[in-house]
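Here is the file my_file.cif (mmCIF, C-alpha atoms).
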data_final
loop_
_atom_site.label_atom_id
_atom_site.label_comp_id
_atom_site.auth_asym_id
_atom_site.auth_seq_id
_atom_site.Cartn_x
_atom_site.Cartn_y
_atom_site.Cartn_z
CA MET A 1122 -49.34 16.03 14.17
CA ARG A 1123 -46.25 15.67 16.29
CA ARG A 1124 -45.81 12.05 15.26
CA HIS A 1125 -45.72 12.99 11.55
CA ALA A 1126 -43.11 15.69 12.18
CA LEU A 1127 -40.73 13.03 13.51
CA VAL A 1128 -40.88 10.84 10.37
CA PRO A 1129 -38.45 12.96 8.24
CA LEU A 1130 -36.10 13.22 11.22
CA PHE A 1131 -36.18 9.43 11.63
CA TRP A 1132 -35.31 8.82 7.96
CA SER A 1133 -32.51 11.39 8.07
CA ALA A 1134 -31.00 9.77 11.16
CA LEU A 1135 -31.32 6.31 9.63
CA THR A 1136 -29.62 7.44 6.41
CA VAL A 1137 -26.71 8.98 8.32
CA ALA A 1138 -26.32 5.84 10.47
CA LEU A 1139 -26.26 3.55 7.43
CA LEU A 1140 -23.77 5.78 5.63
CA ALA A 1141 -21.48 5.84 8.68
CA ALA A 1142 -21.68 2.05 9.03
CA GLY A 1143 -20.82 1.59 5.36
CA LEU A 1144 -17.83 3.92 5.56
CA ALA A 1145 -16.57 2.18 8.70
CA ALA A 1146 -16.85 -1.23 7.01
CA CYS A 1147 -14.91 0.00 3.97
CA ALA A 1148 -12.16 1.56 6.08
CA LYS A 1149 -11.79 -1.54 8.25
CA GLY A 1150 -10.67 -3.77 5.38
CA SER A 1151 -8.81 -1.15 3.38
CA ALA A 1152 -5.18 -2.04 4.09
CA ARG A 1153 -4.80 -5.78 3.77
CA ILE A 1154 -1.21 -6.81 4.35
CA HIS A 1155 0.09 -9.74 2.35
CA ALA A 1156 3.03 -11.50 3.98
CA GLU A 1157 5.56 -12.94 1.56
CA PRO A 1158 6.41 -16.61 2.17
CA ALA A 1159 9.89 -16.82 3.74
CA GLU A 1160 11.04 -19.65 1.50
CA SER A 1161 10.33 -17.69 -1.69
CA ALA A 1162 11.98 -14.48 -0.54
CA ILE A 1163 15.50 -14.27 -1.94
CA ALA A 1164 18.02 -12.32 0.12
CA ALA A 1165 19.28 -9.16 -1.60
CA THR A 1166 22.34 -7.04 -0.90
CA SER A 1167 20.34 -3.81 -0.45
CA ALA A 1168 16.79 -2.77 0.40
CA GLU A 1169 16.22 -1.37 -3.08
CA ASP A 1170 17.53 -4.60 -4.60
CA ALA A 1171 14.94 -6.52 -2.55
CA VAL A 1172 12.23 -4.26 -4.01
CA ARG A 1173 13.64 -4.89 -7.50
CA LEU A 1174 13.54 -8.67 -6.99
CA LEU A 1175 9.88 -8.48 -5.93
CA ILE A 1176 8.90 -6.28 -8.91
CA GLU A 1177 10.70 -8.58 -11.35
CA SER A 1178 9.08 -11.66 -9.77
CA GLN A 1179 5.74 -10.06 -10.75
CA GLY A 1180 6.83 -9.89 -14.39
CA ALA A 1181 7.56 -6.15 -14.50
CA THR A 1182 10.75 -4.21 -15.25
CA TYR A 1183 12.14 -2.22 -12.33
CA ALA A 1184 13.26 1.36 -13.04
CA GLY A 1185 14.68 2.16 -9.58
CA ASP A 1186 13.89 5.24 -7.53
CA CYS A 1187 10.98 7.17 -9.09
CA ALA A 1188 12.83 10.47 -8.70
CA ALA A 1189 15.59 9.18 -11.00
CA THR A 1190 13.35 7.88 -13.81
CA ARG A 1191 13.52 9.52 -17.23
CA SER A 1192 11.14 9.62 -20.16
CA PRO A 1193 10.93 7.99 -22.64
CA GLN A 1194 13.34 5.18 -21.66
CA ASP A 1195 11.51 4.34 -18.37
CA ILE A 1196 7.91 4.49 -19.63
CA GLY A 1197 5.97 1.34 -18.70
CA LYS A 1198 8.37 0.28 -15.95
CA VAL A 1199 7.75 0.15 -12.20
CA CYS A 1200 9.55 2.50 -9.80
CA SER A 1201 9.68 2.88 -6.02
CA LYS A 1202 9.96 5.57 -3.37
CA LEU A 1203 11.27 5.05 0.16
CA ILE A 1204 8.73 6.48 2.61
CA ASP A 1205 9.94 5.52 6.10
CA THR A 1206 12.10 3.21 8.16
CA ARG A 1207 11.08 1.50 11.40
CA GLY A 1208 13.90 -0.48 12.98
CA ASP A 1209 15.18 -2.92 10.35
CA VAL A 1210 12.05 -2.58 8.17
CA ARG A 1211 11.73 -0.09 5.30
CA ALA A 1212 8.42 0.98 3.76
CA TYR A 1213 8.35 1.74 0.01
CA ILE A 1214 5.52 2.64 -2.31
CA THR A 1215 5.67 1.33 -5.87
CA GLY A 1216 3.83 1.95 -9.12
CA ARG A 1217 4.15 2.53 -12.84
CA THR A 1218 6.54 5.30 -13.81
CA PHE A 1219 4.95 8.70 -14.48
CA SER A 1220 1.70 7.45 -12.94
CA GLU A 1221 0.18 6.85 -9.50
CA PHE A 1222 1.65 4.57 -6.87
CA SER A 1223 -0.32 1.37 -6.29
CA GLU A 1224 1.35 -0.82 -3.65
CA TRP A 1225 3.19 -0.73 -0.33
CA VAL A 1226 6.31 -2.92 -0.18
CA PHE A 1227 7.98 -3.69 3.15
CA VAL A 1228 11.51 -5.07 3.16
CA GLN A 1229 13.46 -6.24 6.19
CA GLN A 1230 17.14 -6.81 6.83
CA ASP A 1231 18.21 -10.04 8.50
CA SER A 1232 21.54 -11.82 8.91
CA THR A 1233 21.59 -12.91 5.24
CA GLY A 1234 20.53 -9.63 3.62
CA TRP A 1235 17.32 -7.83 2.67
CA ARG A 1236 14.05 -9.69 2.04
CA THR A 1237 10.48 -8.76 1.17
CA LEU A 1238 8.52 -8.89 4.40
CA ALA A 1239 5.04 -7.96 3.14
CA THR A 1240 3.04 -6.03 0.56
CA ALA A 1241 -0.25 -4.13 0.76
CA PRO A 1242 -2.35 -2.31 -1.83
CA LEU A 1243 -2.18 1.47 -1.60
CA ASP A 1244 -5.69 2.64 -0.73
CA PHE A 1245 -6.49 6.17 -1.88
CA HIS A 1246 -9.88 5.99 -0.15
CA ALA A 1247 -8.50 5.15 3.30
CA VAL A 1248 -9.59 7.41 6.12
CA SER A 1249 -5.98 7.64 7.33
CA MET A 1250 -2.80 8.00 5.31
CA ASP A 1251 -0.83 6.06 7.95
CA ILE A 1252 1.66 3.47 6.75
CA PRO A 1253 0.11 -0.02 7.17
CA TRP A 1254 3.20 -1.52 8.87
CA PRO A 1255 3.19 -5.33 9.06
CA ARG A 1256 2.82 -6.73 12.57
#
Have the structure of the file written as C-alpha cells, please.
Amino acid sequence: MRRHALVPLFWSALTVALLAAGLAACAKGSARIHAEPAESAIAATSAEDAVRLLIESQGATYAGDCAATRSPQDIGKVCSKLIDTRGDVRAYITGRTFSEFSEWVFVQQDSTGWRTLATAPLDFHAVSMDIPWPR
C-alpha cells in the first residue's frame, strides 16, 4: 500500500517541476535586445529627437512625451517616457498614445549627437521589471 500512496505525490512533484521549467524558459528569452545598425542610425540633436527619428522610421507619427499628449489631436500617434539614464545612455519606453507601452528604446550620445543604440519589446510577463540595458 505504501507504494500506491507515493503515486499522487510523484505526479504532483512532476507537475510542479515541469511548470517551473516552462516558466524559467519563458523568462530566459523575454527581453531580447535588438541593436540598431550604426550606419542607419542618424545623429540627432537631443535624446528625444533620436527617439522621434526611430518612431518615424517605423512609419508612425511621434507625439513627444506621453505626459504632454492631448486628446483628440494625438490619438493614434506614438509617445515616449524617459525611465532612466545610465552614463551616456537613456532608456525610454514607447507606445501608442492613451494605451499601453510596448517597446524599450535606448539612445546614446556620442561625439556627433544622439543615436538609437538598441530596442527591446516591453514584456509584461517578465519575472523582473528591471530595465533590459544593452550590453
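Between atom CA of Arg1207 of chain A and atom CA of Leu1238 of chain A the interatomic distance comes to 12.8 Å.
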Just so the selection is clear, what residues does the PyMOL selection byres ((chain A and resi 1218) around 7) cover here, as a tab-separated table (two decimals) with C-alpha atoms, keeping the file's coordinate frame?
chain	number	residue	atom	x	y	z
A	1187	CYS	CA	10.98	7.17	-9.09
A	1195	ASP	CA	11.51	4.34	-18.37
A	1196	ILE	CA	7.91	4.49	-19.63
A	1197	GLY	CA	5.97	1.34	-18.70
A	1198	LYS	CA	8.37	0.28	-15.95
A	1199	VAL	CA	7.75	0.15	-12.20
A	1200	CYS	CA	9.55	2.50	-9.80
A	1216	GLY	CA	3.83	1.95	-9.12
A	1217	ARG	CA	4.15	2.53	-12.84
A	1219	PHE	CA	4.95	8.70	-14.48
A	1220	SER	CA	1.70	7.45	-12.94
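The nearest approach to Asp1205 of chain A among the residues A:Ile1252, A:Pro1242, A:Gly1185, A:Thr1190, with all atoms listed in the file taken into account, belongs to A:Ile1252.
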I'd like the residues picked by the PyMOL selection byres ((chain A and resi 1254) around 8) written out as an MDAnalysis selection string, using the chain letters and numbers from the file. chainID A and resid 1212 1227 1252:1253 1255:1256
So that I can check the surroundings of Leu1243 of chain A, please list as a PDB file with C-alpha atoms, in the coordinates of the input every protein, DNA and RNA residue that reaches within 10 Å of it, counting only C-alpha atoms and ignoring chain neighbours fewer than 2 positions away.
ATOM      1  CA  SER A1151      -8.810  -1.150   3.380  1.00  0.00           C
ATOM      2  CA  ALA A1152      -5.180  -2.040   4.090  1.00  0.00           C
ATOM      3  CA  ARG A1153      -4.800  -5.780   3.770  1.00  0.00           C
ATOM      4  CA  ILE A1214       5.520   2.640  -2.310  1.00  0.00           C
ATOM      5  CA  THR A1215       5.670   1.330  -5.870  1.00  0.00           C
ATOM      6  CA  GLY A1216       3.830   1.950  -9.120  1.00  0.00           C
ATOM      7  CA  GLU A1221       0.180   6.850  -9.500  1.00  0.00           C
ATOM      8  CA  PHE A1222       1.650   4.570  -6.870  1.00  0.00           C
ATOM      9  CA  SER A1223      -0.320   1.370  -6.290  1.00  0.00           C
ATOM     10  CA  GLU A1224       1.350  -0.820  -3.650  1.00  0.00           C
ATOM     11  CA  TRP A1225       3.190  -0.730  -0.330  1.00  0.00           C
ATOM     12  CA  VAL A1226       6.310  -2.920  -0.180  1.00  0.00           C
ATOM     13  CA  THR A1240       3.040  -6.030   0.560  1.00  0.00           C
ATOM     14  CA  ALA A1241      -0.250  -4.130   0.760  1.00  0.00           C
ATOM     15  CA  PHE A1245      -6.490   6.170  -1.880  1.00  0.00           C
ATOM     16  CA  HIS A1246      -9.880   5.990  -0.150  1.00  0.00           C
ATOM     17  CA  ALA A1247      -8.500   5.150   3.300  1.00  0.00           C
ATOM     18  CA  MET A1250      -2.800   8.000   5.310  1.00  0.00           C
ATOM     19  CA  ILE A1252       1.660   3.470   6.750  1.00  0.00           C
ATOM     20  CA  PRO A1253       0.110  -0.020   7.170  1.00  0.00           C
TER      21      PRO A1253
END
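Separating atom CA of Ser1167 of chain A from atom CA of Tyr1213 of chain A is a distance of 13.2 Å.
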Pick from A:Pro1193, A:Asp1244, A:Ile1176, A:Ser1232 nearest to Ala1164 of chain A, counting only C-alpha atoms: A:Ser1232
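Taken over the shown file, the PyMOL selection byres ((chain A and resi 1210) around 7) identifies Thr1206, Arg1207, Gly1208, Asp1209, Arg1211, Ala1212, Phe1227, Val1228, Gln1229 and Gln1230 of chain A.
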Would you compute the distance between atom CA of Asp1186 of chain A and atom CA of Lys1202 of chain A? Give it in Å to one decimal. 5.7 Å
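If you measure from each of A:Thr1237, A:Ser1192, A:Ser1249, A:Ser1201 to Ile1163 of chain A using all atoms listed in the file, the closest one turns out to be A:Thr1237.
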